[in-house]
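*Asks:* What follows is query.csv; its format and atoms are CSV, C-alpha atoms and all ligand atoms.
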```
chain,number,residue,atom,x,y,z
A,1,MET,CA,34.9,130.3,3.6
A,2,GLY,CA,35.8,126.6,3.7
A,3,THR,CA,36.2,124.5,6.8
A,4,LEU,CA,39.9,123.9,6.0
A,5,GLU,CA,40.9,127.4,4.9
A,6,GLY,CA,44.7,127.8,4.8
A,7,LYS,CA,45.4,124.3,6.1
A,8,VAL,CA,47.9,122.0,4.4
A,9,ALA,CA,47.1,118.4,3.7
A,10,PHE,CA,49.4,115.5,2.7
A,11,VAL,CA,47.5,112.8,0.9
A,12,THR,CA,49.0,109.6,-0.4
A,13,GLY,CA,47.4,107.8,-3.4
A,14,ALA,CA,45.8,111.1,-4.4
A,15,GLY,CA,46.5,110.5,-8.1
A,16,SER,CA,43.3,108.5,-8.5
A,17,GLY,CA,40.0,107.4,-7.0
A,18,ILE,CA,39.3,108.1,-3.3
A,19,GLY,CA,42.6,110.0,-2.7
A,20,ARG,CA,41.8,112.3,-5.7
A,21,GLY,CA,38.3,112.9,-4.3
A,22,ILE,CA,39.7,113.8,-0.9
A,23,ALA,CA,42.3,116.2,-2.5
A,24,GLU,CA,39.5,117.9,-4.4
A,25,ARG,CA,37.2,118.1,-1.4
A,26,PHE,CA,40.0,119.5,0.8
A,27,ALA,CA,40.8,122.0,-1.9
A,28,ARG,CA,37.2,123.1,-2.1
A,29,GLU,CA,37.3,123.6,1.7
A,30,GLY,CA,40.3,125.9,1.2
A,31,ALA,CA,43.2,123.6,2.0
A,32,HIS,CA,46.4,123.2,-0.1
A,33,VAL,CA,47.3,119.7,-0.9
A,34,CYS,CA,50.5,117.7,-1.2
A,35,ILE,CA,49.8,114.8,-3.6
A,36,ALA,CA,52.1,111.8,-3.1
A,37,ASP,CA,51.7,109.0,-5.5
A,38,VAL,CA,53.7,106.6,-7.6
A,39,ASP,CA,51.6,107.6,-10.6
A,40,VAL,CA,52.8,111.0,-11.6
A,41,GLU,CA,50.5,111.4,-14.5
A,42,GLY,CA,47.5,110.8,-12.2
A,43,ALA,CA,48.9,113.0,-9.5
A,44,GLU,CA,49.4,115.9,-12.0
A,45,TYR,CA,45.8,115.5,-13.1
A,46,SER,CA,44.7,115.7,-9.5
A,47,ALA,CA,46.9,118.8,-9.0
A,48,ASN,CA,45.3,120.5,-11.9
A,49,LEU,CA,41.8,119.8,-10.4
A,50,VAL,CA,43.0,121.2,-7.0
A,51,GLY,CA,44.3,124.3,-8.9
A,52,GLN,CA,41.0,124.8,-10.6
A,53,LEU,CA,39.4,124.9,-7.1
A,54,GLY,CA,41.6,127.8,-6.1
A,55,SER,CA,44.1,125.9,-4.0
A,56,ARG,CA,47.8,125.2,-4.4
A,57,SER,CA,49.4,121.7,-4.6
A,58,LEU,CA,52.7,119.9,-4.7
A,59,VAL,CA,53.2,116.6,-6.6
A,60,THR,CA,55.8,114.1,-5.5
A,61,LYS,CA,56.5,110.8,-7.0
A,62,THR,CA,56.4,108.7,-3.9
A,63,ASN,CA,56.2,105.0,-3.1
A,64,VAL,CA,54.7,104.8,0.3
A,65,ALA,CA,56.6,101.6,0.9
A,66,SER,CA,59.9,103.6,0.8
A,67,LYS,CA,60.7,105.4,4.0
A,68,GLU,CA,63.2,107.6,2.1
A,69,GLN,CA,60.8,108.6,-0.6
A,70,LEU,CA,58.1,109.4,2.0
A,71,ALA,CA,60.4,111.3,4.2
A,72,ASP,CA,61.5,113.4,1.3
A,73,ALA,CA,57.9,114.0,0.2
A,74,VAL,CA,56.9,115.2,3.7
A,75,GLU,CA,59.9,117.5,3.9
A,76,ARG,CA,59.1,119.0,0.5
A,77,CYS,CA,55.5,119.5,1.5
A,78,VAL,CA,56.4,121.4,4.7
A,79,ALA,CA,59.2,123.4,2.9
A,80,GLU,CA,56.7,124.4,0.2
A,81,PHE,CA,53.8,125.4,2.5
A,82,GLY,CA,55.5,126.1,5.8
A,83,ARG,CA,53.0,123.8,7.8
A,84,LEU,CA,51.3,120.5,7.9
A,85,ASP,CA,47.9,120.1,9.4
A,86,ILE,CA,46.3,117.0,7.9
A,87,SER,CA,47.7,113.7,6.8
A,88,VAL,CA,45.8,111.1,4.8
A,89,ALA,CA,47.4,107.6,4.5
A,90,ASN,CA,45.2,106.4,1.7
A,91,ALA,CA,47.4,104.7,-0.9
A,92,GLY,CA,46.6,101.0,-1.2
A,93,ILE,CA,46.4,98.1,-3.5
A,94,GLY,CA,44.3,94.9,-3.7
A,95,ARG,CA,46.0,91.6,-4.4
A,96,GLY,CA,43.6,88.8,-3.8
A,97,GLY,CA,44.0,85.1,-4.3
A,98,PRO,CA,43.4,81.7,-2.8
A,99,VAL,CA,45.8,80.6,0.0
A,100,LEU,CA,46.8,77.5,-2.0
A,101,GLU,CA,48.1,79.7,-4.9
A,102,MET,CA,48.9,83.2,-3.6
A,103,ALA,CA,52.4,84.3,-4.6
A,104,LEU,CA,54.6,85.5,-1.8
A,105,LYS,CA,55.3,88.7,-3.8
A,106,ASP,CA,51.6,89.6,-3.9
A,107,TRP,CA,51.3,89.0,-0.2
A,108,GLN,CA,54.4,91.0,0.5
A,109,ASP,CA,53.6,93.9,-1.8
A,110,GLN,CA,50.2,94.3,-0.2
A,111,LEU,CA,51.7,94.3,3.3
A,112,ASP,CA,54.4,96.8,2.2
A,113,ILE,CA,51.9,99.3,0.8
A,114,ASN,CA,48.7,98.7,2.8
A,115,LEU,CA,50.3,98.3,6.2
A,116,THR,CA,53.9,99.5,6.2
A,117,GLY,CA,53.0,102.4,3.9
A,118,VAL,CA,50.2,103.5,6.3
A,119,PHE,CA,52.6,103.1,9.3
A,120,LEU,CA,55.3,105.1,7.6
A,121,THR,CA,53.0,107.9,6.4
A,122,VAL,CA,51.5,108.3,9.9
A,123,GLN,CA,54.9,108.1,11.7
A,124,LEU,CA,56.6,110.7,9.4
A,125,THR,CA,53.7,113.1,9.3
A,126,ALA,CA,52.9,112.8,13.0
A,127,ARG,CA,56.5,113.5,13.9
A,128,LYS,CA,56.3,116.7,11.8
A,129,MET,CA,53.1,117.7,13.5
A,130,VAL,CA,54.5,117.1,17.0
A,131,GLU,CA,57.6,119.1,16.0
A,132,VAL,CA,55.6,122.0,14.9
A,133,GLY,CA,53.3,121.7,17.9
A,134,ASN,CA,50.0,122.8,16.4
A,135,GLY,CA,48.3,119.4,16.6
A,136,GLY,CA,46.8,117.8,13.5
A,137,ARG,CA,44.4,115.4,11.9
A,138,ILE,CA,45.4,112.0,10.5
A,139,ILE,CA,43.0,109.8,8.5
A,140,CYS,CA,43.8,106.3,7.2
A,141,THR,CA,41.8,104.4,4.6
A,142,SER,CA,40.7,101.1,5.9
A,143,SER,CA,37.8,99.2,4.3
A,144,LEU,CA,34.6,97.3,4.7
A,145,ALA,CA,36.9,94.4,4.1
A,146,ALA,CA,38.3,95.0,7.6
A,147,GLU,CA,35.0,93.5,8.8
A,148,ASN,CA,34.0,91.2,6.1
A,149,THR,CA,36.0,88.8,4.1
A,150,ALA,CA,35.7,85.9,1.7
A,151,ALA,CA,37.7,83.3,-0.3
A,152,GLY,CA,40.4,85.2,-2.2
A,153,THR,CA,40.1,88.4,-0.3
A,154,TRP,CA,41.4,87.4,3.1
A,155,SER,CA,44.9,88.9,2.5
A,156,TYR,CA,43.5,92.3,1.6
A,157,SER,CA,41.1,92.1,4.6
A,158,ALA,CA,44.1,91.3,6.9
A,159,THR,CA,45.8,94.6,5.9
A,160,LYS,CA,42.6,96.6,6.3
A,161,ALA,CA,41.8,95.1,9.6
A,162,GLY,CA,45.3,96.0,10.7
A,163,VAL,CA,44.8,99.6,9.7
A,164,ARG,CA,41.5,99.6,11.7
A,165,MET,CA,43.4,98.5,14.8
A,166,MET,CA,46.5,100.6,14.4
A,167,VAL,CA,44.4,103.9,14.5
A,168,ARG,CA,43.1,102.9,17.9
A,169,GLY,CA,46.5,102.7,19.4
A,170,TRP,CA,47.7,105.8,17.5
A,171,GLY,CA,44.7,107.7,18.7
A,172,GLN,CA,45.8,107.0,22.3
A,173,GLU,CA,49.4,108.0,21.7
A,174,LEU,CA,48.8,111.1,19.7
A,175,GLY,CA,45.8,112.6,21.5
A,176,PRO,CA,48.0,114.3,24.1
A,177,HIS,CA,49.8,116.1,21.2
A,178,GLY,CA,46.5,117.4,19.9
A,179,ILE,CA,46.4,115.0,17.0
A,180,THR,CA,43.4,112.9,16.1
A,181,VAL,CA,43.7,109.6,14.1
A,182,ASN,CA,40.8,107.9,12.5
A,183,ALA,CA,40.1,105.3,9.9
A,184,ILE,CA,37.5,105.4,7.1
A,185,GLY,CA,35.9,102.1,6.0
A,186,PRO,CA,34.6,102.5,2.5
A,187,GLY,CA,32.3,99.9,1.0
A,188,VAL,CA,32.4,99.5,-2.8
A,189,ILE,CA,33.5,102.8,-4.3
A,190,ASP,CA,33.5,103.5,-8.0
A,191,THR,CA,37.3,103.7,-8.6
A,192,PRO,CA,39.8,101.9,-10.7
A,193,LEU,CA,40.8,99.7,-7.8
A,194,ALA,CA,37.3,98.4,-7.4
A,195,ALA,CA,36.4,98.4,-11.2
A,196,GLY,CA,35.7,94.6,-11.0
A,197,LEU,CA,33.1,95.2,-8.1
A,198,ALA,CA,31.6,98.5,-9.1
A,199,GLY,CA,31.5,98.0,-12.9
A,200,GLU,CA,30.4,100.8,-15.1
A,201,GLU,CA,27.2,102.8,-15.4
A,202,GLY,CA,24.5,100.7,-16.9
A,203,GLY,CA,26.6,97.5,-16.9
A,204,ALA,CA,25.6,94.2,-15.3
A,205,ILE,CA,28.0,94.5,-12.4
A,206,ARG,CA,26.7,98.0,-11.6
A,207,LYS,CA,23.1,97.1,-11.8
A,208,ASN,CA,23.7,94.1,-9.5
A,209,LEU,CA,25.5,96.3,-7.0
A,210,GLU,CA,22.7,98.9,-7.1
A,211,ALA,CA,20.1,96.2,-6.5
A,212,LEU,CA,22.1,94.8,-3.6
A,213,THR,CA,23.0,98.1,-1.9
A,214,PRO,CA,20.3,99.3,0.5
A,215,VAL,CA,20.8,102.9,-0.6
A,216,GLY,CA,20.5,101.8,-4.2
A,217,ARG,CA,23.7,103.1,-5.7
A,218,ALA,CA,27.5,102.6,-5.9
A,219,GLY,CA,29.6,104.6,-3.6
A,220,GLN,CA,31.6,107.5,-5.1
A,221,PRO,CA,34.9,109.1,-4.0
A,222,ALA,CA,32.8,112.2,-3.1
A,223,ASP,CA,31.0,110.2,-0.4
A,224,ILE,CA,34.3,109.2,1.2
A,225,ALA,CA,35.8,112.7,0.8
A,226,GLY,CA,32.9,114.2,2.7
A,227,LEU,CA,33.7,112.0,5.7
A,228,ALA,CA,37.4,112.8,5.4
A,229,ALA,CA,36.5,116.5,5.4
A,230,PHE,CA,34.5,116.0,8.6
A,231,MET,CA,37.4,114.2,10.3
A,232,ALA,CA,39.8,116.9,9.2
A,233,GLY,CA,37.6,119.8,10.0
A,234,PRO,CA,36.4,121.6,13.1
A,235,ASP,CA,33.5,119.3,13.8
A,236,GLY,CA,35.8,116.3,14.0
A,237,SER,CA,37.9,117.5,16.9
A,238,PHE,CA,36.4,115.0,19.5
A,239,MET,CA,36.7,111.9,17.2
A,240,THR,CA,39.9,109.8,17.5
A,241,GLY,CA,40.7,106.1,17.3
A,242,ALA,CA,37.5,105.6,15.4
A,243,TYR,CA,36.8,103.5,12.4
A,244,VAL,CA,33.8,104.7,10.4
A,245,LEU,CA,32.1,102.4,7.9
A,246,ILE,CA,30.6,104.2,4.9
A,247,ASP,CA,29.1,101.6,2.6
A,248,GLY,CA,25.5,102.4,1.7
A,249,GLY,CA,24.4,99.5,4.0
A,250,LEU,CA,26.3,96.8,2.1
A,251,ARG,CA,27.9,95.2,5.1
A,252,ASP,CA,24.9,93.3,6.1
A,253,VAL,CA,23.9,92.2,2.6
A,254,ARG,CA,24.7,88.7,1.5
A,255,TRP,CA,26.6,88.6,-1.8
A,256,SER,CA,26.9,84.9,-2.2
A,257,GLY,CA,24.7,83.4,-4.9
A,258,THR,CA,24.3,86.6,-6.8
A,259,GLN,CA,27.1,86.1,-9.4
A,260,SER,CA,25.8,85.5,-12.8
A,261,GLU,CA,27.8,84.5,-15.9
A,262,GLU,CA,27.2,88.0,-17.3
A,263,ILE,CA,28.7,89.5,-14.2
A,264,ALA,CA,31.7,87.2,-14.3
A,265,GLU,CA,32.4,88.0,-17.9
A,266,GLU,CA,32.1,91.8,-17.3
A,267,ALA,CA,34.4,91.4,-14.3
A,268,ALA,CA,37.0,89.7,-16.4
A,269,ARG,CA,36.8,92.6,-18.9
A,270,HIS,CA,37.5,95.1,-16.2
A,271,ALA,CA,40.7,93.3,-15.3
A,272,ASP,CA,42.1,95.0,-18.4
A,273,SER,CA,42.1,98.6,-17.2
A,274,ALA,CA,40.3,100.5,-19.9
A,275,ILE,CA,37.4,101.4,-17.7
A,276,ALA,CA,39.7,102.0,-14.9
A,277,ARG,CA,41.6,104.7,-16.9
A,278,ARG,CA,38.3,106.4,-17.8
A,279,ALA,CA,37.2,106.4,-14.2
A,280,LYS,CA,40.5,108.0,-13.2
A,281,LEU,CA,40.0,111.0,-15.4
A,282,GLN,CA,36.7,112.1,-14.0
A,283,PRO,CA,36.7,115.2,-11.8
A,284,LEU,CA,34.6,115.2,-8.6
A,285,PHE,CA,33.0,118.6,-9.0
A,286,ASP,CA,31.6,119.6,-12.4
A,287,ASP,CA,30.6,123.1,-11.4
A,288,ARG,CA,33.9,124.7,-10.9
B,301,LIG,N1,37.5,101.6,-4.1
B,301,LIG,C1,37.0,100.8,-3.2
B,301,LIG,O1,35.9,100.2,-3.3
B,301,LIG,C2,37.7,100.8,-1.8
B,301,LIG,C3,37.0,100.3,-0.8
B,301,LIG,C4,37.6,100.2,0.5
B,301,LIG,C5,38.9,100.7,0.6
B,301,LIG,N2,39.5,101.2,-0.4
B,301,LIG,C6,40.9,101.8,-0.2
B,301,LIG,O2,40.9,103.1,-0.6
B,301,LIG,C7,42.2,103.5,-0.9
B,301,LIG,C8,42.2,104.2,-2.3
B,301,LIG,O3,41.8,103.2,-3.2
B,301,LIG,P1,41.1,103.6,-4.6
B,301,LIG,O4,39.8,102.8,-4.6
B,301,LIG,O5,41.0,105.1,-4.7
B,301,LIG,O6,42.1,103.0,-5.6
B,301,LIG,P2,42.8,103.7,-6.9
B,301,LIG,O7,43.6,102.5,-7.5
B,301,LIG,O8,41.9,104.5,-7.7
B,301,LIG,O9,43.8,104.7,-6.2
B,301,LIG,C9,44.9,104.3,-5.5
B,301,LIG,C10,46.1,105.3,-5.7
B,301,LIG,O10,47.2,104.8,-4.9
B,301,LIG,C11,48.3,104.9,-5.7
B,301,LIG,N3,49.3,103.9,-5.2
B,301,LIG,C12,49.3,102.6,-5.3
B,301,LIG,N4,50.4,102.1,-4.7
B,301,LIG,C13,51.1,103.1,-4.2
B,301,LIG,C14,52.4,103.2,-3.6
B,301,LIG,N5,53.1,102.1,-3.3
B,301,LIG,N6,52.8,104.4,-3.2
B,301,LIG,C15,52.1,105.5,-3.5
B,301,LIG,N7,50.9,105.5,-4.2
B,301,LIG,C16,50.4,104.3,-4.5
B,301,LIG,C17,47.9,104.5,-7.1
B,301,LIG,O11,48.9,105.0,-8.1
B,301,LIG,C18,46.6,105.2,-7.2
B,301,LIG,O12,46.8,106.6,-7.6
B,301,LIG,C19,43.0,102.2,-0.9
B,301,LIG,O13,43.7,102.1,0.4
B,301,LIG,C20,42.0,101.1,-1.0
B,301,LIG,O14,42.4,99.9,-0.4
B,301,LIG,C21,38.9,101.3,-1.7
```
Turn the structure described in the file into structure tokens.
Ligand SMILES: NC(=O)c1ccc[n+]([C@@H]2O[C@H](COP(=O)([O-])OP(=O)(O)OC[C@H]3O[C@@H](n4cnc5c(N)ncnc54)[C@H](O)[C@@H]3O)[C@@H](O)[C@H]2O)c1

*Replies:*
Amino acid sequence: MGTLEGKVAFVTGAGSGIGRGIAERFAREGAHVCIADVDVEGAEYSANLVGQLGSRSLVTKTNVASKEQLADAVERCVAEFGRLDISVANAGIGRGGPVLEMALKDWQDQLDINLTGVFLTVQLTARKMVEVGNGGRIICTSSLAAENTAAGTWSYSATKAGVRMMVRGWGQELGPHGITVNAIGPGVIDTPLAAGLAGEEGGAIRKNLEALTPVGRAGQPADIAGLAAFMAGPDGSFMTGAYVLIDGGLRDVRWSGTQSEEIAEEAARHADSAIARRAKLQPLFDDR
């Protein structure tokens, strides 16, 4: 029997990468999963994976920056499954750029999705949990970028540092309702969002990342999903307001001076999303 048997989880951005990994892991632990994503094709693919693991799912086309769409998705999730135990505010985007050039729209989109989207997801799902009265678990995806930043990535870092701080306040507020709230801080994880940093198996970017990372490999969605399962499961009941870094030791490694021309070229290629699409269609568990 899984650690989340019969529970219901609402996961945003579960149509790809880390969110998909979390949906799969939760399904493997016996939970049913509501998959809320703007990308319906990706969400349907994830739903299929959840089904193959013996759990049920519900897909909603949801933009986390829209309160109406999110509220509708949460209502439909509860209507479908009759309960809501776990909420994962995971959807996010990366819009970097130098301060002298950054477009207001990129700045605003990132705030709307990475900060407002997390706030709305937590507010709407926590209200539902309080209403039902059975407590709950909330997990937000922050980032190693909440602690480290660099030229061109400061705006993304600002949103992720915001998430890291918000969960501390929410942990205080929701603890008395039996709800824990925690943040996960992934390092470089092999997903479409980080294609330019994680590269592909055997490529120059990946080899460089493996050489730099103390544990010697790129992070995978399964790594993050394992931590999410802990936070959502019985062993996580005393953890709240926490931010847990999971980065293979990368935080304390210096990146500067490691960029070669080969890596820069490969990174430029990743900007067109061919590799990203392939990465998206890989299931987490091959042994189902
Ligand atoms: N991959 C990494 O290295 C890494 C590291 C640290 C943190 N993160 C964070 O992890 C989370 C997941 O990222 P990922 O790497 O799996 O990326 P990803 O691009 O593979 O997946 C993100 C998913 O979110 C969805 N999404 C984007 N905007 C949305 C919106 N407005 N409403 C609903 N869904 C939306 C996308 O359609 C996609 O399915 C993000 O918050 C990201 O910032 C990723």

*Asks:* Tell me, as a ChimeraX atom specification, which residues lie within 7 Å of range 34-36 of chain A, counting all atoms listed in the file; anything in the same chain fewer than 4 positions away does not count.

*Replies:* /A:9-14,43,57-62,77

*Asks:* Within 10 Å of Arg20 in chain A, counting all atoms listed in the file, which residues qualify if same-chain residues fewer than 3 places away don't, as a list in words?

*Replies:*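 Returned residues: Val11, Thr12, Gly13, Ala14, Gly15, Ser16, Gly17, Ala23, Glu24, Arg25, Phe26, Ile35, Gly42, Ala43, Tyr45, Ser46, Ala47, Leu49, Val50, Pro221, Ala222, Ala225, Lys280, Leu281, Gln282, Pro283 and Leu284 of chain A.
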
*Asks:* Env of Glu29 in chain A: 7 Å cut, atoms = only C-alpha atoms, seq-sep filter 5 positions within chain, self excluded. Answer as a list in words.

*Replies:*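 Listing them by chain and then by number gives Gly2, Thr3, Leu4 and Glu5 of chain A.
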
*Asks:* So what do you get for CA of Gly216 in chain A versus CA of Gly94 in chain A, distance-wise?

*Replies:*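 We find that CA of Gly216 in chain A and CA of Gly94 in chain A lie 24.8 Å from each other.
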
*Asks:* Would you name the residues within 6 Å of ligand LIG 301 (chain B), counting only C-alpha atoms and all ligand atoms, and put them as a PyMOL selection string?

*Replies:* chain A and resi 12-19+37-39+62-65+90-93+113+141-144+186-194

*Asks:* For each of A:Ala228, A:Leu250, A:Ala151, A:Ala161, take the minimum atom-to-atom distance to Val99 in chain A, counting all atoms listed in the file, then give the residue where this is smallest.

*Replies:*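 Of the candidates, the smallest distance to Val99 in chain A is held by A:Ala151.
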
*Asks:* Smallest atom-to-atom distance to Gly199 in chain A: which of A:Ala242, A:Ala264, A:Val132, A:Cys140, using all atoms listed in the file?

*Replies:*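 So, comparing all the options, the nearest one is A:Ala264.
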
*Asks:* Measure the distance from CA of Thr159 in chain A to CA of Ala103 in chain A in Å and round it to one decimal.

*Replies:*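 These two atoms are separated by 16.1 Å.
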
*Asks:* Between A:Ile263, A:Ala146, A:Gly233, A:Arg83, single out the one closest to Arg206 in chain A, counting only C-alpha atoms.

*Replies:*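 Closest to Arg206 in chain A of all the choices is A:Ile263.
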
*Asks:* Nearest to Phe230 in chain A among A:Lys160, A:Arg137, A:His270, A:Arg217, with distances taken over all atoms listed in the file: which residue is it?

*Replies:*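 With all atoms listed in the file as the atom set, the closest residue is A:Arg137.
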
*Asks:* Which residue gives the smallest distance to Val78 in chain A among A:Gly21, A:Leu124, A:Thr149, A:Lys207, with only C-alpha atoms counted?

*Replies:*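 Once distances to Val78 in chain A are computed over only C-alpha atoms, the minimum belongs to A:Leu124.
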
*Asks:* So how many Å separate CA of Val163 in chain A and CA of Ala229 in chain A, to one decimal?

*Replies:* 19.3 Å

*Asks:* Looking at all atoms listed in the file, which of A:Ala150, A:Met231, A:Ala204, A:Ala211 is the one that sits closest to Ser87 in chain A?

*Replies:*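 Of A:Ala150, A:Met231, A:Ala204, A:Ala211, the one nearest Ser87 in chain A is A:Met231, counting all atoms listed in the file.
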
*Asks:* Identify, on the basis of only C-alpha atoms, every residue whose closest approach to Ser260 in chain A does not exceed 12 Å; exclude the query and any residue fewer than 4 positions from it along the same chain; express the result as a list of chain:residue names.

*Replies:*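 So the residues in contact are A:Ala204, A:Ile205, A:Lys207, A:Asn208, A:Trp255, A:Ser256, A:Ala264, A:Glu265, A:Glu266, A:Ala267.
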
*Asks:* Convert the current residue selection to file output with C-alpha atoms, as a short mmCIF file (atom, residue, chain, number, x, y, z; two decimals), in the coordinates of the input.

*Replies:*
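What ended up in out-v9.cif:
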```cif
data_model
loop_
_atom_site.label_atom_id
_atom_site.label_comp_id
_atom_site.auth_asym_id
_atom_site.auth_seq_id
_atom_site.Cartn_x
_atom_site.Cartn_y
_atom_site.Cartn_z
CA ALA A 204 25.60 94.20 -15.30
CA ILE A 205 28.00 94.50 -12.40
CA LYS A 207 23.10 97.10 -11.80
CA ASN A 208 23.70 94.10 -9.50
CA TRP A 255 26.60 88.60 -1.80
CA SER A 256 26.90 84.90 -2.20
CA ALA A 264 31.70 87.20 -14.30
CA GLU A 265 32.40 88.00 -17.90
CA GLU A 266 32.10 91.80 -17.30
CA ALA A 267 34.40 91.40 -14.30
#
```
